Each structure stands twice: as structure tokens, then as C-alpha cells.
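Source file data-v4.txt; content: compact mmCIF, C-alpha atoms.
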```
# COMPACT_ATOMS: atom_id res chain seq x y z
CA MET W 291 -71.20 -70.66 74.37
CA MET W 292 -71.80 -70.44 70.67
CA SER W 293 -72.17 -73.59 68.76
CA PRO W 294 -69.70 -74.36 65.98
CA GLY W 295 -72.40 -74.02 63.39
CA CYS W 296 -73.43 -70.55 64.50
CA PRO W 297 -72.96 -67.83 61.87
CA LYS W 298 -71.07 -65.55 64.28
CA GLU W 299 -68.68 -68.39 65.11
CA ARG W 300 -68.02 -68.98 61.45
CA LEU W 301 -67.29 -65.23 60.84
CA ALA W 302 -64.88 -65.09 63.77
CA GLN W 303 -63.00 -68.13 62.51
CA ALA W 304 -62.79 -66.64 59.00
CA GLY W 305 -61.37 -63.36 60.35
CA LEU W 306 -58.83 -65.20 62.47
CA GLY W 307 -57.71 -67.14 59.40
CA ALA W 308 -57.32 -63.96 57.38
CA LEU W 309 -55.20 -62.38 60.07
CA ARG W 310 -52.99 -65.46 60.10
CA ARG W 311 -52.56 -65.41 56.32
CA HIS W 312 -52.04 -61.57 56.04
CA PRO W 313 -50.53 -60.11 59.21
CA PRO W 314 -50.90 -56.29 59.69
CA ARG W 315 -48.09 -54.13 58.12
CA ALA W 316 -45.93 -51.80 60.15
CA LYS W 317 -46.65 -48.05 60.20
CA ALA W 318 -43.35 -47.17 58.48
CA GLU W 319 -44.14 -49.47 55.58
CA VAL W 320 -47.57 -47.90 55.16
CA ALA W 321 -46.15 -44.36 55.24
CA GLY W 322 -43.52 -45.24 52.63
CA ARG W 323 -46.15 -46.69 50.41
CA ARG W 324 -48.23 -43.54 50.61
CA GLY W 325 -45.19 -41.33 49.84
CA ALA W 326 -44.35 -43.35 46.75
CA GLU W 327 -47.94 -43.11 45.55
CA ALA W 328 -47.88 -39.32 46.03
CA GLY W 329 -44.65 -39.04 44.02
CA GLU W 330 -46.11 -41.09 41.20
CA ALA W 331 -49.15 -38.79 41.19
CA ARG W 332 -46.96 -35.68 40.86
CA VAL W 333 -45.01 -37.19 37.98
CA ALA W 334 -48.27 -38.08 36.22
CA MET W 335 -49.61 -34.52 36.68
CA SER W 336 -46.43 -32.95 35.27
CA GLY W 337 -46.68 -35.24 32.25
CA LEU W 338 -50.28 -34.17 31.67
CA SER W 339 -49.26 -30.50 31.98
CA ARG W 340 -46.65 -30.92 29.29
CA LEU W 341 -49.08 -32.85 27.15
CA PHE W 342 -51.77 -30.16 27.27
CA GLY W 343 -49.35 -27.23 26.78
CA ARG W 344 -49.39 -25.79 30.32
CA GLY W 345 -45.67 -26.28 30.79
CA LYS W 346 -42.97 -24.17 29.12
CA LYS W 347 -44.27 -21.31 26.97
CA GLU W 348 -43.62 -21.44 23.25
CA LYS W 349 -41.06 -19.07 21.81
CA GLY W 350 -42.61 -16.13 19.92
CA PRO W 351 -41.73 -15.19 16.34
CA THR W 352 -38.79 -12.95 15.57
CA PRO W 353 -39.38 -9.43 14.18
CA GLU W 354 -38.29 -10.60 10.72
CA GLU W 355 -40.79 -13.47 10.80
CA ALA W 356 -43.57 -11.13 11.96
CA ILE W 357 -42.80 -8.65 9.18
CA GLN W 358 -42.81 -11.40 6.55
CA LYS W 359 -46.12 -12.74 7.87
CA LEU W 360 -47.66 -9.26 7.71
CA LYS W 361 -46.43 -8.82 4.13
CA ASP W 362 -47.98 -12.14 3.09
CA THR W 363 -51.29 -11.16 4.68
CA GLU W 364 -51.17 -7.77 2.93
CA LYS W 365 -50.78 -9.52 -0.43
CA ILE W 366 -53.85 -11.62 0.32
CA LEU W 367 -55.89 -8.54 1.25
CA ILE W 368 -54.79 -6.71 -1.91
CA LYS W 369 -55.99 -9.63 -4.03
CA LYS W 370 -59.26 -9.57 -2.11
CA GLN W 371 -59.62 -5.85 -2.85
CA GLU W 372 -59.18 -6.45 -6.54
CA PHE W 373 -61.74 -9.26 -6.46
CA LEU W 374 -64.30 -7.13 -4.60
CA GLU W 375 -63.82 -4.23 -6.99
CA GLN W 376 -64.47 -6.53 -9.95
CA ARG W 377 -67.60 -7.94 -8.28
CA ILE W 378 -68.89 -4.45 -7.56
CA GLN W 379 -68.50 -3.48 -11.20
CA GLN W 380 -70.25 -6.67 -12.29
CA GLU W 381 -73.22 -6.08 -9.98
CA LEU W 382 -73.46 -2.48 -11.16
CA GLN W 383 -73.52 -3.59 -14.78
CA MET W 384 -76.15 -6.20 -13.87
CA ALA W 385 -78.36 -3.52 -12.27
CA LYS W 386 -78.00 -1.30 -15.33
CA LYS W 387 -78.79 -4.20 -17.62
CA HIS W 388 -82.07 -5.11 -15.92
CA GLY W 389 -83.10 -1.57 -15.10
CA ILE W 390 -86.86 -1.07 -15.33
CA LYS W 391 -87.42 -4.28 -17.28
CA ASN W 392 -86.63 -6.51 -14.31
CA LYS W 393 -86.82 -4.30 -11.24
CA ARG W 394 -86.48 -7.16 -8.75
CA ALA W 395 -83.21 -8.45 -10.30
CA ALA W 396 -81.87 -4.92 -10.50
CA LEU W 397 -82.57 -4.32 -6.78
CA GLN W 398 -80.91 -7.60 -5.82
CA ALA W 399 -77.84 -6.64 -7.83
CA LEU W 400 -77.71 -3.28 -6.02
CA ARG W 401 -78.05 -4.98 -2.62
CA ARG W 402 -75.17 -7.30 -3.45
CA LYS W 403 -73.15 -4.28 -4.58
CA LYS W 404 -73.75 -2.57 -1.23
CA ARG W 405 -72.60 -5.63 0.69
CA LEU W 406 -69.51 -5.91 -1.46
CA GLU W 407 -68.75 -2.23 -0.88
CA GLN W 408 -68.99 -2.77 2.87
CA GLN W 409 -66.59 -5.70 2.64
CA LEU W 410 -64.23 -3.59 0.54
CA ALA W 411 -64.26 -0.80 3.15
CA GLN W 412 -63.53 -3.32 5.91
CA THR W 413 -60.71 -4.79 3.86
CA ASP W 414 -59.25 -1.33 3.29
CA GLY W 415 -59.30 -0.64 7.02
CA THR W 416 -57.70 -3.97 7.85
CA LEU W 417 -54.98 -3.44 5.25
CA SER W 418 -54.20 0.01 6.66
CA THR W 419 -53.90 -1.46 10.16
CA LEU W 420 -51.54 -4.20 8.98
CA GLU W 421 -49.39 -1.69 7.09
CA PHE W 422 -49.17 0.52 10.17
CA GLN W 423 -48.19 -2.46 12.34
CA ARG W 424 -45.57 -3.63 9.85
CA GLU W 425 -44.03 -0.16 9.64
CA ALA W 426 -43.96 0.05 13.44
CA ILE W 427 -42.12 -3.28 13.68
CA GLU W 428 -39.67 -2.23 10.96
CA ASN W 429 -38.95 1.04 12.78
CA ALA W 430 -38.55 -0.81 16.08
CA THR W 431 -36.13 -3.27 14.43
CA THR W 432 -34.11 -0.41 12.95
CA ASN W 433 -33.98 1.41 16.29
CA ALA W 434 -32.91 -1.76 18.08
CA GLU W 435 -30.13 -2.32 15.53
CA VAL W 436 -28.97 1.28 15.94
CA VAL W 437 -28.91 0.90 19.72
CA ARG W 438 -26.90 -2.33 19.46
CA THR W 439 -24.43 -0.66 17.10
CA MET W 440 -24.03 2.30 19.45
CA GLU W 441 -23.51 -0.06 22.37
CA LEU W 442 -20.80 -1.94 20.46
CA ALA W 443 -19.15 1.35 19.54
CA ALA W 444 -19.21 2.46 23.18
CA GLN W 445 -17.65 -0.83 24.27
CA GLY W 446 -14.97 -0.54 21.60
CA MET W 447 -14.15 3.01 22.64
CA LYS W 448 -14.01 1.96 26.29
CA LYS W 449 -11.67 -0.89 25.41
CA ALA W 450 -9.46 1.44 23.38
CA TYR W 451 -9.04 3.84 26.31
CA GLN W 452 -8.96 1.30 29.14
CA ASP W 453 -5.14 1.38 29.36
CA MET W 454 -4.88 5.16 29.08
CA ASP W 455 -4.74 7.68 31.95
CA ILE W 456 -5.46 11.38 31.46
CA ASP W 457 -2.63 12.29 33.85
CA LYS W 458 -0.20 10.19 31.83
CA VAL W 459 -1.40 11.84 28.63
CA ASP W 460 -0.81 15.31 30.14
CA GLU W 461 2.69 14.27 31.20
CA LEU W 462 3.37 12.90 27.71
CA MET W 463 2.25 16.14 26.04
CA ALA W 464 4.41 18.17 28.44
CA ASP W 465 7.43 15.99 27.57
CA ILE W 466 6.75 16.43 23.85
CA THR W 467 6.56 20.22 24.25
CA GLU W 468 9.81 20.28 26.22
CA GLN W 469 11.60 18.15 23.62
CA GLN W 470 10.38 20.44 20.84
CA GLU W 471 11.82 23.44 22.66
CA VAL W 472 15.14 21.67 23.10
CA ALA W 473 15.19 20.75 19.40
CA GLN W 474 14.52 24.39 18.45
CA GLN W 475 17.36 25.59 20.68
CA ILE W 476 19.71 23.05 19.12
CA SER W 477 18.71 24.18 15.61
CA ASP W 478 19.32 27.82 16.51
CA ALA W 479 22.70 26.95 17.96
CA ILE W 480 23.75 25.01 14.88
CA SER W 481 22.64 27.71 12.42
CA ARG W 482 24.46 30.53 14.29
CA PRO W 483 27.71 31.54 12.45
CA VAL W 484 30.88 30.63 14.26
CA GLY W 485 33.91 32.99 14.08
CA PHE W 486 36.35 30.64 15.70
CA GLY W 487 37.14 33.23 18.41
CA ASP W 488 37.36 36.28 16.06
CA VAL W 489 34.80 38.87 17.00
CA VAL W 490 34.26 41.41 14.19
CA ASP W 491 32.25 44.58 14.62
CA GLU W 492 29.79 45.07 11.80
CA ASP W 493 29.92 48.88 12.07
CA GLU W 494 33.68 48.92 11.61
CA LEU W 495 33.33 46.90 8.42
CA LEU W 496 30.79 49.36 7.05
CA GLU W 497 33.06 52.35 7.78
CA GLU W 498 35.95 50.65 6.04
CA LEU W 499 33.80 49.98 3.00
CA GLU W 500 32.77 53.66 2.81
CA GLU W 501 36.41 54.78 2.97
CA LEU W 502 37.30 52.48 0.09
CA GLU W 503 34.47 53.84 -2.03
CA GLN W 504 35.55 57.46 -1.28
CA GLU W 505 39.13 56.75 -2.31
CA GLU W 506 37.98 55.17 -5.56
CA LEU W 507 35.80 58.21 -6.34
CA SER W 508 38.66 60.67 -5.67
CA ARG W 509 41.01 58.71 -7.90
CA ASP W 510 38.49 58.87 -10.78
CA LEU W 511 38.15 62.67 -10.42
CA LEU W 512 41.94 63.25 -10.58
CA THR W 513 42.40 61.24 -13.78
CA VAL W 514 39.65 62.99 -15.76
CA GLY W 515 42.02 65.65 -17.39
CA ASP W 516 44.73 63.15 -18.20
CA LYS W 517 42.60 61.16 -20.55
CA GLU W 518 43.41 61.42 -24.31
CA GLU W 519 41.05 63.41 -26.42
CA GLU W 520 39.03 61.24 -28.67
CA PRO W 521 39.18 62.01 -32.45
CA PRO W 522 36.16 63.78 -33.93
CA ILE W 523 33.56 61.70 -35.60
CA GLU W 524 33.46 62.08 -39.40
CA LEU W 525 30.04 62.11 -40.96
CA PRO W 526 29.52 60.53 -44.42
CA SER W 527 29.07 62.84 -47.47
CA VAL W 528 25.67 63.33 -49.03
CA PRO W 529 25.45 61.66 -52.49
CA SER W 530 24.69 63.81 -55.61
CA THR W 531 22.28 61.96 -57.86
CA HIS W 532 19.37 62.80 -60.16
CA LEU W 533 16.04 61.59 -58.88
CA PRO W 534 13.68 60.04 -61.45
CA ALA W 535 10.87 62.28 -62.63
CA GLY W 536 7.48 61.39 -61.26
CA PRO W 537 3.99 61.93 -62.71
CA GLY W 538 3.38 65.62 -63.48
CA THR W 539 7.05 66.51 -63.08
CA GLN W 540 8.31 65.76 -66.57
CA GLY W 541 11.04 68.06 -67.71
CA TYR W 542 12.18 68.90 -64.16
CA SER W 543 15.19 67.41 -62.45
CA VAL W 544 16.40 67.80 -58.94
CA VAL W 545 20.05 67.96 -58.14
CA LEU W 546 21.24 67.52 -54.62
CA ARG W 547 24.55 69.16 -53.82
CA THR W 548 26.61 69.17 -50.74
```
Take the structure in the file and give it back as C-alpha cells.
Amino acid sequence: MMSPGCPKERLAQAGLGALRRHPPRAKAEVAGRRGAEAGEARVAMSGLSRLFGRGKKEKGPTPEEAIQKLKDTEKILIKKQEFLEQRIQQELQMAKKHGIKNKRAALQALRRKKRLEQQLAQTDGTLSTLEFQREAIENATTNAEVVRTMELAAQGMKKAYQDMDIDKVDELMADITEQQEVAQQISDAISRPVGFGDVVDEDELLEELEELEQEELSRDLLTVGDKEEEPPIELPSVPSTHLPAGPGTQGYSVVLRT
């Protein structure tokens, strides 16, 4: 047997005391604890993802915003072009000023001019690219607007004809044609002269008219000799007067006699 003062005996008594103070937990309690810890870990990870931007993607700019941004950048590049052109002229004047008198300063001015020219060429290329991109976005925006307008027009046309049937339209047009024919027949019937039961032959009327004209002509021929003779027409007498003498006819007079 171990003595009470033995180290092993003291360790065994300490472990027995710990077990009495803290009894072992059930398996279900331990599993629940682990599940809760796992859930807290997932919540913490999702919070970190949102914090460092790995969650929902940011919304991109609209075409109008992109076009405006490109225009602003183009203005900046144009100002840079003007600045580089001025610097190039300054360096050229500096090189001409020094010339042979100060060859080293003249060469440095020419080197700076070359670098500025390279920057100007790069700026020109960048500006052309931005202009091309802006025009492409503008054209794309215009095309998209045209497509949306055409789509709205198609929907409006579809809505306008949704209650119409081609067969019904054909029937309607046939009815309209039939009614027009009936109206024309009614108009013809109304405009036709009505004799109230008396039927007169047109040829007989013409023959009667010719007989009347022949009788009138015969009557005029018979009464030609019975007409009174009209009195003869008396002509006025010619006056007898002396005409005044004209130039070169002095002493002569003309007498008109009947």
C-alpha cells in the first residue's frame, strides 16, 4: 500500500477531488456546444468577407456616367497636349539660343525636347483611344434606346390588335360591301321616274312631235301669197350745195345736182 504522503497518492486524491467538483458532461451537451461554436465561426467569416469586399459585387457605372468620365479625361489630356507643345517650343528656343556657344546646354535642351515629343505622341494615342471608346459607348447607348423604342412600339401594336380577329375583319368588310350595294340599289330606285301607272312610249312621242312640226311648216307655206305687200322704201334726196374752194382750186366751183 502507498503511504498517504506518497506523491502518487496525492495526485490520485487531487484527481478524485476534481471529478467530484466538475463531473463529466453528457455527449449531447458537448455536441451542442461544438455546433454553436461552428455557427459563430461561420457568422464571423461572413462578416470578414463583407468587410474586405468579397461579398456582393459593386454596381458598375451607367453608360452616361462612363461617357462623362471619358469626356473629363479627354479634357485633361487636351490640356496636357497644350502644355507639352509649349514645353517643346521652349526647349527648341533654348537649343537655338545656346547653339555653338554652349553646346552642352543646347544638347540637353534637345534631349528634353525629344522626351517631350515622345510624351506628346503617347498622349495623342491615348486621347484617340478614349475618343474611340466614348463614341462606341454613345453608339451603343443610341442603339439600345432604338431597340427599346421598337420594343415598346411592338408591344403597343400588339395591344392594339389583341382584340381583333382577321376573320371578323373579313366578315365586317363583306357586310360593308353588301350594305353599299343595297344603298346604291335604293338610290337608283328613288331616282327612277315614276309614271303612276301610265306607260308612255318615247318613239310615239317623237312621231307626234314631227307631225306637229310638218303641219306648222305647211301652214306657213300656204299663207305666203296672202301677205300684204310692203310699201317701197324711199331714199333721201341728194343735197345741192357749193363746196368751198380748196388750195389750187380758186375760181372753180362744184355743183352737185340730182
Using all atoms listed in the file, which protein or nucleic acid residues come within 10 Å of range 370-381 of chain W? Drop anything in the same chain fewer than 5 positions from it, and give the result as number ranges by chain. W: 364-365, 386-387, 396, 398-414, 417
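Using all atoms listed in the file, the smallest distance between any of W:Glu471, W:Asp460, W:Lys393, W:Leu360 and Thr419 in chain W comes from W:Leu360.
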Would you mind reading off the distance between CA of Ile466 in chain W and CA of Met447 in chain W, one decimal, in Å? 24.9 Å
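Taking CA of Thr432 in chain W as the reference point, CA of Ile357 in chain W is found at 12.6 Å.
We find CA of Glu498 in chain W and CA of Arg482 in chain W to be spaced 24.6 Å apart.
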Proximity to Leu382 in chain W - best of W:Met454, W:Ala395, W:Pro353, W:Glu503, only C-alpha atoms: W:Ala395
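Comparing W:Thr513, W:Gln358, W:Ser508, W:Thr467 by their smallest distance to Ile427 in chain W, the closest is W:Gln358 (using all atoms listed in the file).
Of the listed residues (W:Thr363, W:Gln452, W:Gln445, W:Gln475), W:Thr363 comes nearest to Glu421 in chain W; the distances count all atoms listed in the file.
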